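**Q** Next up, my_file_39.json (JSON, C-alpha atoms).
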```
[["chain", "number", "residue", "atom", "x", "y", "z"],
["A", 5, "VAL", "CA", 25.50, 22.90, -72.18],
["A", 6, "GLY", "CA", 23.73, 26.17, -73.05],
["A", 7, "GLY", "CA", 20.84, 27.76, -71.16],
["A", 8, "GLY", "CA", 17.21, 26.68, -71.26],
["A", 9, "GLY", "CA", 14.66, 27.33, -73.94],
["A", 10, "ALA", "CA", 14.58, 26.14, -77.48],
["A", 11, "GLY", "CA", 18.36, 26.41, -77.72],
["A", 12, "CYS", "CA", 19.02, 24.02, -74.81],
["A", 13, "GLY", "CA", 20.96, 20.95, -75.82],
["A", 14, "LEU", "CA", 19.08, 18.66, -73.37],
["A", 15, "PRO", "CA", 16.21, 16.54, -74.58],
["A", 16, "ARG", "CA", 12.77, 17.88, -73.65],
["A", 17, "CYS", "CA", 12.10, 15.01, -71.19],
["A", 18, "PHE", "CA", 15.15, 16.01, -69.09],
["A", 19, "ARG", "CA", 14.33, 19.73, -69.25],
["A", 20, "ASN", "CA", 10.81, 19.01, -68.00],
["A", 21, "SER", "CA", 12.12, 17.00, -65.06],
["A", 22, "PHE", "CA", 14.29, 19.91, -63.88],
["A", 23, "ASP", "CA", 11.39, 22.34, -64.15],
["A", 24, "GLN", "CA", 9.05, 20.31, -61.88],
["A", 25, "ARG", "CA", 8.71, 21.18, -58.17],
["A", 26, "PRO", "CA", 7.17, 18.97, -55.44],
["A", 27, "THR", "CA", 3.61, 19.91, -54.57],
["A", 28, "ALA", "CA", 1.13, 18.62, -52.00],
["A", 29, "ALA", "CA", -0.21, 16.35, -54.71],
["A", 30, "THR", "CA", 3.22, 14.80, -55.34],
["A", 31, "VAL", "CA", 3.95, 14.04, -51.61],
["A", 32, "PRO", "CA", 2.97, 10.47, -50.81],
["A", 33, "ALA", "CA", -0.18, 10.40, -48.65],
["A", 34, "HIS", "CA", 1.26, 7.78, -46.34],
["A", 35, "ASP", "CA", 3.94, 10.22, -45.10],
["A", 36, "GLY", "CA", 1.30, 12.49, -43.57],
["A", 37, "GLN", "CA", -0.48, 9.50, -42.05],
["A", 38, "HIS", "CA", 2.81, 8.29, -40.57],
["A", 39, "ASN", "CA", 3.42, 11.68, -38.95],
["A", 40, "ARG", "CA", -0.09, 11.76, -37.47],
["A", 41, "THR", "CA", 0.34, 8.22, -36.10],
["A", 42, "GLY", "CA", 3.68, 9.17, -34.56],
["A", 43, "ARG", "CA", 2.18, 12.23, -32.88],
["A", 44, "GLN", "CA", -0.69, 10.15, -31.52],
["A", 45, "ALA", "CA", 1.74, 7.56, -30.14],
["A", 46, "ASP", "CA", 3.80, 10.30, -28.47],
["A", 47, "SER", "CA", 0.65, 11.79, -26.97],
["A", 48, "LEU", "CA", -0.50, 8.43, -25.64],
["A", 49, "LEU", "CA", 2.93, 7.74, -24.13],
["A", 50, "ALA", "CA", 3.00, 11.16, -22.44],
["A", 51, "SER", "CA", -0.51, 10.59, -21.06],
["A", 52, "SER", "CA", 0.52, 7.17, -19.76],
["A", 53, "VAL", "CA", 3.56, 8.61, -17.97],
["A", 54, "VAL", "CA", 1.46, 11.37, -16.39],
["A", 55, "ALA", "CA", -1.18, 8.84, -15.26],
["A", 56, "GLU", "CA", 1.48, 6.54, -13.83],
["A", 57, "ARG", "CA", 3.03, 9.38, -11.85],
["A", 58, "ALA", "CA", -0.38, 10.47, -10.59],
["A", 59, "ASN", "CA", -1.23, 6.92, -9.52],
["A", 60, "GLY", "CA", 2.12, 6.58, -7.79],
["A", 61, "LYS", "CA", 1.57, 9.83, -5.90],
["A", 62, "LYS", "CA", -1.94, 8.77, -4.90],
["A", 63, "MET", "CA", -0.66, 5.42, -3.65],
["A", 64, "ARG", "CA", 2.02, 7.08, -1.53],
["A", 65, "THR", "CA", -0.57, 9.45, -0.09],
["A", 66, "HIS", "CA", -2.89, 6.51, 0.64],
["A", 67, "GLU", "CA", -0.12, 4.64, 2.45],
["A", 68, "ARG", "CA", 0.72, 7.74, 4.50],
["A", 69, "ILE", "CA", -2.89, 8.09, 5.64],
["A", 70, "VAL", "CA", -3.09, 4.40, 6.63],
["A", 71, "ALA", "CA", 0.21, 4.61, 8.52],
["A", 72, "GLN", "CA", -0.95, 7.61, 10.54],
["A", 73, "ALA", "CA", -4.30, 5.95, 11.23],
["A", 74, "ALA", "CA", -2.60, 2.77, 12.49],
["A", 75, "LYS", "CA", -0.48, 4.88, 14.84],
["A", 76, "LEU", "CA", -3.24, 7.16, 16.12],
["A", 77, "PHE", "CA", -5.80, 4.40, 16.62],
["A", 78, "ARG", "CA", -3.36, 2.46, 18.80],
["A", 79, "GLU", "CA", -2.57, 5.58, 20.78],
["A", 80, "ARG", "CA", -6.09, 6.98, 21.24],
["A", 81, "GLY", "CA", -8.47, 4.19, 20.26],
["A", 82, "ILE", "CA", -10.64, 4.13, 17.15],
["A", 83, "ALA", "CA", -13.28, 6.43, 18.64],
["A", 84, "GLY", "CA", -10.61, 8.76, 20.02],
["A", 85, "ALA", "CA", -9.01, 9.54, 16.65],
["A", 86, "SER", "CA", -11.27, 11.23, 14.12],
["A", 87, "VAL", "CA", -10.86, 11.38, 10.35],
["A", 88, "ASP", "CA", -9.76, 15.01, 10.78],
["A", 89, "ASP", "CA", -7.09, 13.92, 13.27],
["A", 90, "VAL", "CA", -5.73, 11.27, 10.91],
["A", 91, "MET", "CA", -5.67, 13.58, 7.89],
["A", 92, "ALA", "CA", -3.97, 16.34, 9.87],
["A", 93, "ALA", "CA", -1.31, 13.89, 11.07],
["A", 94, "ALA", "CA", -0.70, 12.98, 7.42],
["A", 95, "ASP", "CA", -0.41, 16.71, 6.52],
["A", 96, "LEU", "CA", -3.59, 16.55, 4.45],
["A", 97, "THR", "CA", -7.05, 18.10, 4.60],
["A", 98, "ARG", "CA", -10.27, 16.24, 5.24],
["A", 99, "GLY", "CA", -11.43, 17.03, 1.72],
["A", 100, "GLY", "CA", -9.01, 14.47, 0.28],
["A", 101, "PHE", "CA", -10.14, 11.62, 2.50],
["A", 102, "TYR", "CA", -12.96, 10.35, 0.30],
["A", 103, "ALA", "CA", -10.66, 10.07, -2.70],
["A", 104, "HIS", "CA", -9.08, 7.15, -0.81],
["A", 105, "PHE", "CA", -11.75, 5.62, 1.45],
["A", 106, "ALA", "CA", -15.49, 5.16, 1.36],
["A", 107, "ASP", "CA", -15.80, 5.89, 5.09],
["A", 108, "LYS", "CA", -13.93, 5.66, 8.39],
["A", 109, "SER", "CA", -14.62, 1.93, 8.70],
["A", 110, "ALA", "CA", -12.71, 1.31, 5.46],
["A", 111, "LEU", "CA", -9.77, 3.23, 6.88],
["A", 112, "VAL", "CA", -9.96, 1.31, 10.17],
["A", 113, "ALA", "CA", -9.91, -2.03, 8.33],
["A", 114, "GLU", "CA", -6.79, -1.13, 6.34],
["A", 115, "SER", "CA", -5.04, 0.35, 9.35],
["A", 116, "LEU", "CA", -5.71, -2.82, 11.34],
["A", 117, "ASP", "CA", -3.95, -4.92, 8.72],
["A", 118, "LEU", "CA", -0.95, -2.59, 8.89],
["A", 119, "ALA", "CA", -0.94, -2.46, 12.70],
["A", 120, "PHE", "CA", -0.95, -6.25, 12.96],
["A", 121, "ALA", "CA", 1.78, -6.54, 10.31],
["A", 122, "GLU", "CA", 4.01, -4.12, 12.24],
["A", 123, "ALA", "CA", 3.39, -5.94, 15.51],
["A", 124, "ARG", "CA", 4.13, -9.32, 13.91],
["A", 125, "ARG", "CA", 7.48, -8.08, 12.64],
["A", 126, "ALA", "CA", 8.40, -7.15, 16.20],
["A", 127, "LEU", "CA", 7.05, -10.29, 17.87],
["A", 128, "PHE", "CA", 7.09, -13.20, 15.45],
["A", 129, "ASP", "CA", 10.15, -12.70, 13.25],
["A", 130, "SER", "CA", 12.24, -14.85, 15.58],
["A", 131, "GLU", "CA", 12.29, -18.26, 13.94],
["A", 132, "THR", "CA", 15.97, -18.60, 14.88],
["A", 133, "ILE", "CA", 14.96, -19.19, 18.51],
["A", 134, "PRO", "CA", 11.85, -21.42, 18.44],
["A", 135, "GLY", "CA", 10.38, -23.27, 21.40],
["A", 136, "ARG", "CA", 10.67, -22.21, 25.02],
["A", 137, "ALA", "CA", 13.42, -19.72, 24.20],
["A", 138, "TRP", "CA", 11.07, -17.90, 21.83],
["A", 139, "VAL", "CA", 8.29, -17.87, 24.45],
["A", 140, "ALA", "CA", 10.60, -16.41, 27.10],
["A", 141, "ALA", "CA", 12.06, -13.76, 24.75],
["A", 142, "THR", "CA", 8.70, -12.74, 23.31],
["A", 143, "VAL", "CA", 6.78, -12.47, 26.54],
["A", 144, "SER", "CA", 9.63, -10.37, 27.94],
["A", 145, "HIS", "CA", 9.43, -8.01, 24.95],
["A", 146, "TYR", "CA", 5.63, -7.96, 24.84],
["A", 147, "THR", "CA", 5.25, -6.95, 28.47],
["A", 148, "ASP", "CA", 8.20, -4.57, 28.54],
["A", 149, "PRO", "CA", 7.17, -0.99, 29.40],
["A", 150, "ASP", "CA", 8.98, 0.28, 26.30],
["A", 151, "HIS", "CA", 6.82, -1.92, 24.07],
["A", 152, "LEU", "CA", 3.67, -0.47, 25.59],
["A", 153, "ASP", "CA", 4.58, 2.95, 24.19],
["A", 154, "ASN", "CA", 6.13, 1.95, 20.85],
["A", 155, "SER", "CA", 4.33, 2.80, 17.63],
["A", 156, "ASP", "CA", 4.53, -0.86, 16.54],
["A", 157, "ARG", "CA", 2.89, -2.20, 19.69],
["A", 158, "CYS", "CA", 0.29, -4.93, 19.48],
["A", 159, "PRO", "CA", -3.14, -3.57, 18.47],
["A", 160, "VAL", "CA", -5.05, -6.24, 20.41],
["A", 161, "PRO", "CA", -4.94, -4.68, 23.91],
["A", 162, "ALA", "CA", -5.45, -1.20, 22.49],
["A", 163, "LEU", "CA", -8.29, -1.87, 20.07],
["A", 164, "ALA", "CA", -10.15, -5.06, 21.03],
["A", 165, "ALA", "CA", -12.92, -3.21, 22.87],
["A", 166, "ASP", "CA", -13.40, -0.69, 20.04],
["A", 167, "VAL", "CA", -13.44, -3.43, 17.40],
["A", 168, "ALA", "CA", -16.14, -5.31, 19.31],
["A", 169, "ARG", "CA", -18.36, -2.26, 18.81],
["A", 170, "GLY", "CA", -17.34, -1.82, 15.17],
["A", 171, "ASP", "CA", -19.04, -3.04, 12.02],
["A", 172, "ALA", "CA", -18.79, -6.55, 10.59],
["A", 173, "GLY", "CA", -16.03, -5.66, 8.13],
["A", 174, "VAL", "CA", -13.76, -4.30, 10.85],
["A", 175, "ARG", "CA", -14.43, -7.32, 13.10],
["A", 176, "ALA", "CA", -13.63, -9.68, 10.22],
["A", 177, "VAL", "CA", -10.23, -8.06, 9.61],
["A", 178, "PHE", "CA", -9.42, -8.16, 13.33],
["A", 179, "THR", "CA", -10.46, -11.83, 13.62],
["A", 180, "LYS", "CA", -8.42, -12.80, 10.55],
["A", 181, "ASN", "CA", -5.29, -11.26, 12.04],
["A", 182, "ILE", "CA", -5.87, -12.84, 15.45],
["A", 183, "ARG", "CA", -6.01, -16.25, 13.79],
["A", 184, "VAL", "CA", -2.74, -15.56, 11.94],
["A", 185, "ASN", "CA", -1.10, -14.61, 15.25],
["A", 186, "ILE", "CA", -2.33, -17.79, 16.93],
["A", 187, "GLU", "CA", -0.98, -19.96, 14.11],
["A", 188, "LEU", "CA", 2.41, -18.24, 14.20],
["A", 189, "ALA", "CA", 2.65, -18.44, 17.98],
["A", 190, "GLU", "CA", 1.69, -22.12, 17.97],
["A", 191, "LYS", "CA", 4.44, -22.83, 15.45],
["A", 192, "LEU", "CA", 7.14, -20.78, 17.16],
["A", 193, "SER", "CA", 6.30, -21.92, 20.70],
["A", 194, "GLY", "CA", 6.83, -25.53, 19.75],
["A", 195, "ALA", "CA", 3.49, -26.54, 21.26],
["A", 196, "LYS", "CA", 2.62, -30.13, 20.36],
["A", 197, "GLY", "CA", -0.29, -32.49, 20.72],
["A", 198, "ARG", "CA", -4.02, -32.10, 20.51],
["A", 199, "HIS", "CA", -4.03, -29.34, 23.11],
["A", 200, "ALA", "CA", -1.42, -27.23, 21.33],
["A", 201, "ARG", "CA", -3.92, -24.73, 19.95],
["A", 202, "ALA", "CA", -5.69, -24.31, 23.31],
["A", 203, "TYR", "CA", -2.32, -23.83, 25.03],
["A", 204, "THR", "CA", -1.33, -21.16, 22.50],
["A", 205, "ILE", "CA", -4.62, -19.26, 22.88],
["A", 206, "LYS", "CA", -4.27, -19.26, 26.67],
["A", 207, "MET", "CA", -0.67, -18.05, 26.41],
["A", 208, "LEU", "CA", -1.50, -15.15, 24.11],
["A", 209, "SER", "CA", -4.58, -14.25, 26.15],
["A", 210, "ALA", "CA", -2.44, -14.05, 29.28],
["A", 211, "TRP", "CA", 0.00, -11.72, 27.54],
["A", 212, "VAL", "CA", -2.77, -9.43, 26.32],
["A", 213, "GLY", "CA", -4.40, -9.40, 29.75],
["A", 214, "ALA", "CA", -1.11, -8.50, 31.39],
["A", 215, "VAL", "CA", -0.66, -5.54, 29.04],
["A", 216, "ILE", "CA", -4.22, -4.31, 29.61],
["A", 217, "LEU", "CA", -3.70, -4.44, 33.37],
["A", 218, "ALA", "CA", -0.33, -2.72, 33.08],
["A", 219, "ARG", "CA", -1.92, 0.14, 31.19]]
```
Would you mind writing the file out in structure tokens?

**A**
Amino acid sequence: VGGGGAGCGLPRCFRNSFDQRPTAATVPAHDGQHNRTGRQADSLLASSVVAERANGKKMRTHERIVAQAAKLFRERGIAGASVDDVMAAADLTRGGFYAHFADKSALVAESLDLAFAEARRALFDSETIPGRAWVAATVSHYTDPDHLDNSDRCPVPALAADVARGDAGVRAVFTKNIRVNIELAEKLSGAKGRHARAYTIKMLSAWVGAVILAR
């Protein structure tokens, strides 16, 4: 076929179609909208990932502070370990404390829950030897000199006096955990009858008193 112009052997309708070029007006509008939507979705996903990582980092930092508080409070008492002491032990500055806790009492309450949980793992995870065997094994461990210095030692002898002077929220957390310990000890000791609860309370009280005297 010859070149363009009047001498071209193609019909005019075909020649016109070859001469046309795509312009902004000929691009479907929905393609641009699709691209914008895709970019927005990518941006939202990236923001979500960043937020999730930030929240994860904050949670790990929070847990580190609570762990150090649970340790220091049992070693020095609640009054003997300041917020600065706890934050320094967690390799943090005091300025970051209030991003995690409203005040020291809030930290004390959380650290008590952790301290009791750690002590329970050491003392009450022995359902394979219930009854008198559990009582003998547990009292031996509880009053052992090594237990007195372990980081997972029972918080009751160390903190009962401080908690009694604390605010209502701290006392409530302490009382809740004491009740859990009594229920577990009653179950594991095999105490029966209507005096089982009283027997269990006396037994645990004797253990705590022995540790206080030993210290």

**Q** Name all residues at most 12 Å from Lys191 in chain A (count all atoms listed in the file; drop same-chain ones fewer than 4 positions away) and give them as a list in words.

**A** Phe128, Asp129, Ser130, Glu131, Ile133, Pro134, Gly135, Arg136, Trp138, Val139, Val184, Asn185, Ile186, Glu187, Ala195, Lys196, Gly197, Ala200, Arg201, Tyr203 and Thr204 of chain A

**Q** Of the candidates A:Ala113, A:Ala93, A:Ala126, A:Leu217, which shows the shortest atom-to-atom distance to Ala176 in chain A, using all atoms listed in the file?

**A**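 When distances to Ala176 in chain A are compared using all atoms listed in the file, the smallest one comes from A:Ala113.
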
**Q** Which residues come within 8 Å of range 156-163 of chain A, counting only C-alpha atoms, excluding same-chain residues fewer than 5 positions away, as a ChimeraX atom specification?

**A** /A:75,77-79,81-82,116,119-120,122-123,126,151,212-213,215-216

**Q** Just how far from CA of Ile69 in chain A is CA of Met91 in chain A, in Å to one decimal?

**A**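 Computed distance, CA of Met91 in chain A to CA of Ile69 in chain A, equals 6.6 Å.
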
**Q** Taking all atoms listed in the file into account, name the residue in A:Leu96, A:Ala218, A:Ala106, A:Val87 that is nearest to Asp150 in chain A.

**A**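 Closest to Asp150 in chain A of all the choices is A:Ala218.
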
**Q** Let me make sure I understand: among A:Lys206, A:Asp89, A:Lys180, A:Ala137, which one has the smallest atom-to-atom distance to Gly194 in chain A if we use all atoms listed in the file?

**A**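 Closest residue, counting all atoms listed in the file: A:Ala137.
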
**Q** Kindly give the distance, in Å, that separates CA of Ala71 in chain A and CA of Ala214 in chain A, rounded to a single decimal.

**A**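 These two atoms are separated by 26.4 Å.
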
**Q** Work out how far CA of Glu114 in chain A is from CA of Ser209 in chain A, in Å to one decimal.

**A** 23.9 Å

**Q** Please provide as a count of residues only all residues within 12 Å of Phe101 in chain A, with the sequence filter that same-chain residues fewer than 4 positions apart are discarded (counting only C-alpha atoms).

**A** 24

**Q** Which residue is closest to Gly173 in chain A? Choose from A:Ser109, A:His199, A:Leu208, A:Asp117 and count all atoms listed in the file.

**A** A:Ser109

**Q** Since the input lacks some atoms of range 205-216 of chain A, please model all heavy atoms and print them as an mmCIF file, keeping the file's coordinate frame.

**A**
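As a result, selection17.cif now contains:
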```
data_model
loop_
_atom_site.group_PDB
_atom_site.id
_atom_site.type_symbol
_atom_site.label_atom_id
_atom_site.label_comp_id
_atom_site.auth_asym_id
_atom_site.auth_seq_id
_atom_site.Cartn_x
_atom_site.Cartn_y
_atom_site.Cartn_z
ATOM 1 N N ILE A 205 -3.607 -20.294 22.641
ATOM 2 C CA ILE A 205 -4.620 -19.260 22.880
ATOM 3 C C ILE A 205 -4.548 -18.754 24.326
ATOM 4 O O ILE A 205 -4.622 -17.542 24.584
ATOM 5 C CB ILE A 205 -6.027 -19.804 22.555
ATOM 6 C CG1 ILE A 205 -6.154 -20.045 21.047
ATOM 7 C CG2 ILE A 205 -7.109 -18.836 23.041
ATOM 8 C CD1 ILE A 205 -7.430 -20.745 20.640
ATOM 9 N N LYS A 206 -4.387 -19.668 25.264
ATOM 10 C CA LYS A 206 -4.270 -19.260 26.670
ATOM 11 C C LYS A 206 -3.026 -18.410 26.889
ATOM 12 O O LYS A 206 -3.062 -17.407 27.622
ATOM 13 C CB LYS A 206 -4.224 -20.499 27.565
ATOM 14 C CG LYS A 206 -5.546 -21.243 27.670
ATOM 15 C CD LYS A 206 -5.403 -22.479 28.545
ATOM 16 C CE LYS A 206 -6.707 -23.242 28.633
ATOM 17 N NZ LYS A 206 -6.580 -24.478 29.457
ATOM 18 N N MET A 207 -1.921 -18.801 26.260
ATOM 19 C CA MET A 207 -0.670 -18.050 26.410
ATOM 20 C C MET A 207 -0.820 -16.626 25.891
ATOM 21 O O MET A 207 -0.480 -15.651 26.584
ATOM 22 C CB MET A 207 0.447 -18.778 25.670
ATOM 23 C CG MET A 207 1.789 -18.061 25.697
ATOM 24 S SD MET A 207 3.057 -18.946 24.733
ATOM 25 C CE MET A 207 2.459 -18.634 23.051
ATOM 26 N N LEU A 208 -1.341 -16.483 24.681
ATOM 27 C CA LEU A 208 -1.500 -15.150 24.110
ATOM 28 C C LEU A 208 -2.512 -14.319 24.894
ATOM 29 O O LEU A 208 -2.331 -13.107 25.075
ATOM 30 C CB LEU A 208 -1.929 -15.251 22.642
ATOM 31 C CG LEU A 208 -0.910 -15.859 21.670
ATOM 32 C CD1 LEU A 208 -1.484 -15.888 20.260
ATOM 33 C CD2 LEU A 208 0.410 -15.094 21.696
ATOM 34 N N SER A 209 -3.569 -14.966 25.357
ATOM 35 C CA SER A 209 -4.580 -14.250 26.150
ATOM 36 C C SER A 209 -3.984 -13.716 27.441
ATOM 37 O O SER A 209 -4.304 -12.604 27.876
ATOM 38 C CB SER A 209 -5.755 -15.181 26.460
ATOM 39 O OG SER A 209 -6.403 -15.592 25.273
ATOM 40 N N ALA A 210 -3.097 -14.494 28.047
ATOM 41 C CA ALA A 210 -2.440 -14.050 29.280
ATOM 42 C C ALA A 210 -1.547 -12.845 29.004
ATOM 43 O O ALA A 210 -1.506 -11.895 29.805
ATOM 44 C CB ALA A 210 -1.612 -15.199 29.866
ATOM 45 N N TRP A 211 -0.841 -12.865 27.880
ATOM 46 C CA TRP A 211 0.000 -11.720 27.540
ATOM 47 C C TRP A 211 -0.830 -10.456 27.340
ATOM 48 O O TRP A 211 -0.502 -9.399 27.863
ATOM 49 C CB TRP A 211 0.786 -11.999 26.270
ATOM 50 C CG TRP A 211 1.766 -13.139 26.334
ATOM 51 C CD1 TRP A 211 2.028 -13.920 27.426
ATOM 52 C CD2 TRP A 211 2.590 -13.597 25.277
ATOM 53 N NE1 TRP A 211 2.965 -14.868 27.099
ATOM 54 C CE2 TRP A 211 3.338 -14.685 25.785
ATOM 55 C CE3 TRP A 211 2.770 -13.232 23.945
ATOM 56 C CZ2 TRP A 211 4.258 -15.394 24.998
ATOM 57 C CZ3 TRP A 211 3.684 -13.924 23.172
ATOM 58 C CH2 TRP A 211 4.425 -14.975 23.701
ATOM 59 N N VAL A 212 -1.917 -10.590 26.573
ATOM 60 C CA VAL A 212 -2.770 -9.430 26.320
ATOM 61 C C VAL A 212 -3.370 -8.908 27.610
ATOM 62 O O VAL A 212 -3.403 -7.689 27.867
ATOM 63 C CB VAL A 212 -3.898 -9.805 25.321
ATOM 64 C CG1 VAL A 212 -4.928 -8.687 25.230
ATOM 65 C CG2 VAL A 212 -3.306 -10.099 23.937
ATOM 66 N N GLY A 213 -3.833 -9.812 28.469
ATOM 67 C CA GLY A 213 -4.400 -9.400 29.750
ATOM 68 C C GLY A 213 -3.393 -8.674 30.611
ATOM 69 O O GLY A 213 -3.734 -7.672 31.266
ATOM 70 N N ALA A 214 -2.150 -9.140 30.598
ATOM 71 C CA ALA A 214 -1.110 -8.500 31.390
ATOM 72 C C ALA A 214 -0.870 -7.070 30.904
ATOM 73 O O ALA A 214 -0.685 -6.136 31.713
ATOM 74 C CB ALA A 214 0.178 -9.309 31.312
ATOM 75 N N VAL A 215 -0.877 -6.883 29.584
ATOM 76 C CA VAL A 215 -0.660 -5.540 29.040
ATOM 77 C C VAL A 215 -1.820 -4.609 29.377
ATOM 78 O O VAL A 215 -1.624 -3.433 29.734
ATOM 79 C CB VAL A 215 -0.447 -5.614 27.511
ATOM 80 C CG1 VAL A 215 -0.491 -4.226 26.892
ATOM 81 C CG2 VAL A 215 0.875 -6.293 27.197
ATOM 82 N N ILE A 216 -3.040 -5.120 29.274
ATOM 83 C CA ILE A 216 -4.220 -4.310 29.610
ATOM 84 C C ILE A 216 -4.164 -3.866 31.066
ATOM 85 O O ILE A 216 -4.428 -2.705 31.400
ATOM 86 C CB ILE A 216 -5.514 -5.097 29.336
ATOM 87 C CG1 ILE A 216 -5.679 -5.286 27.813
ATOM 88 C CG2 ILE A 216 -6.725 -4.374 29.924
ATOM 89 C CD1 ILE A 216 -6.844 -6.181 27.434
#
```
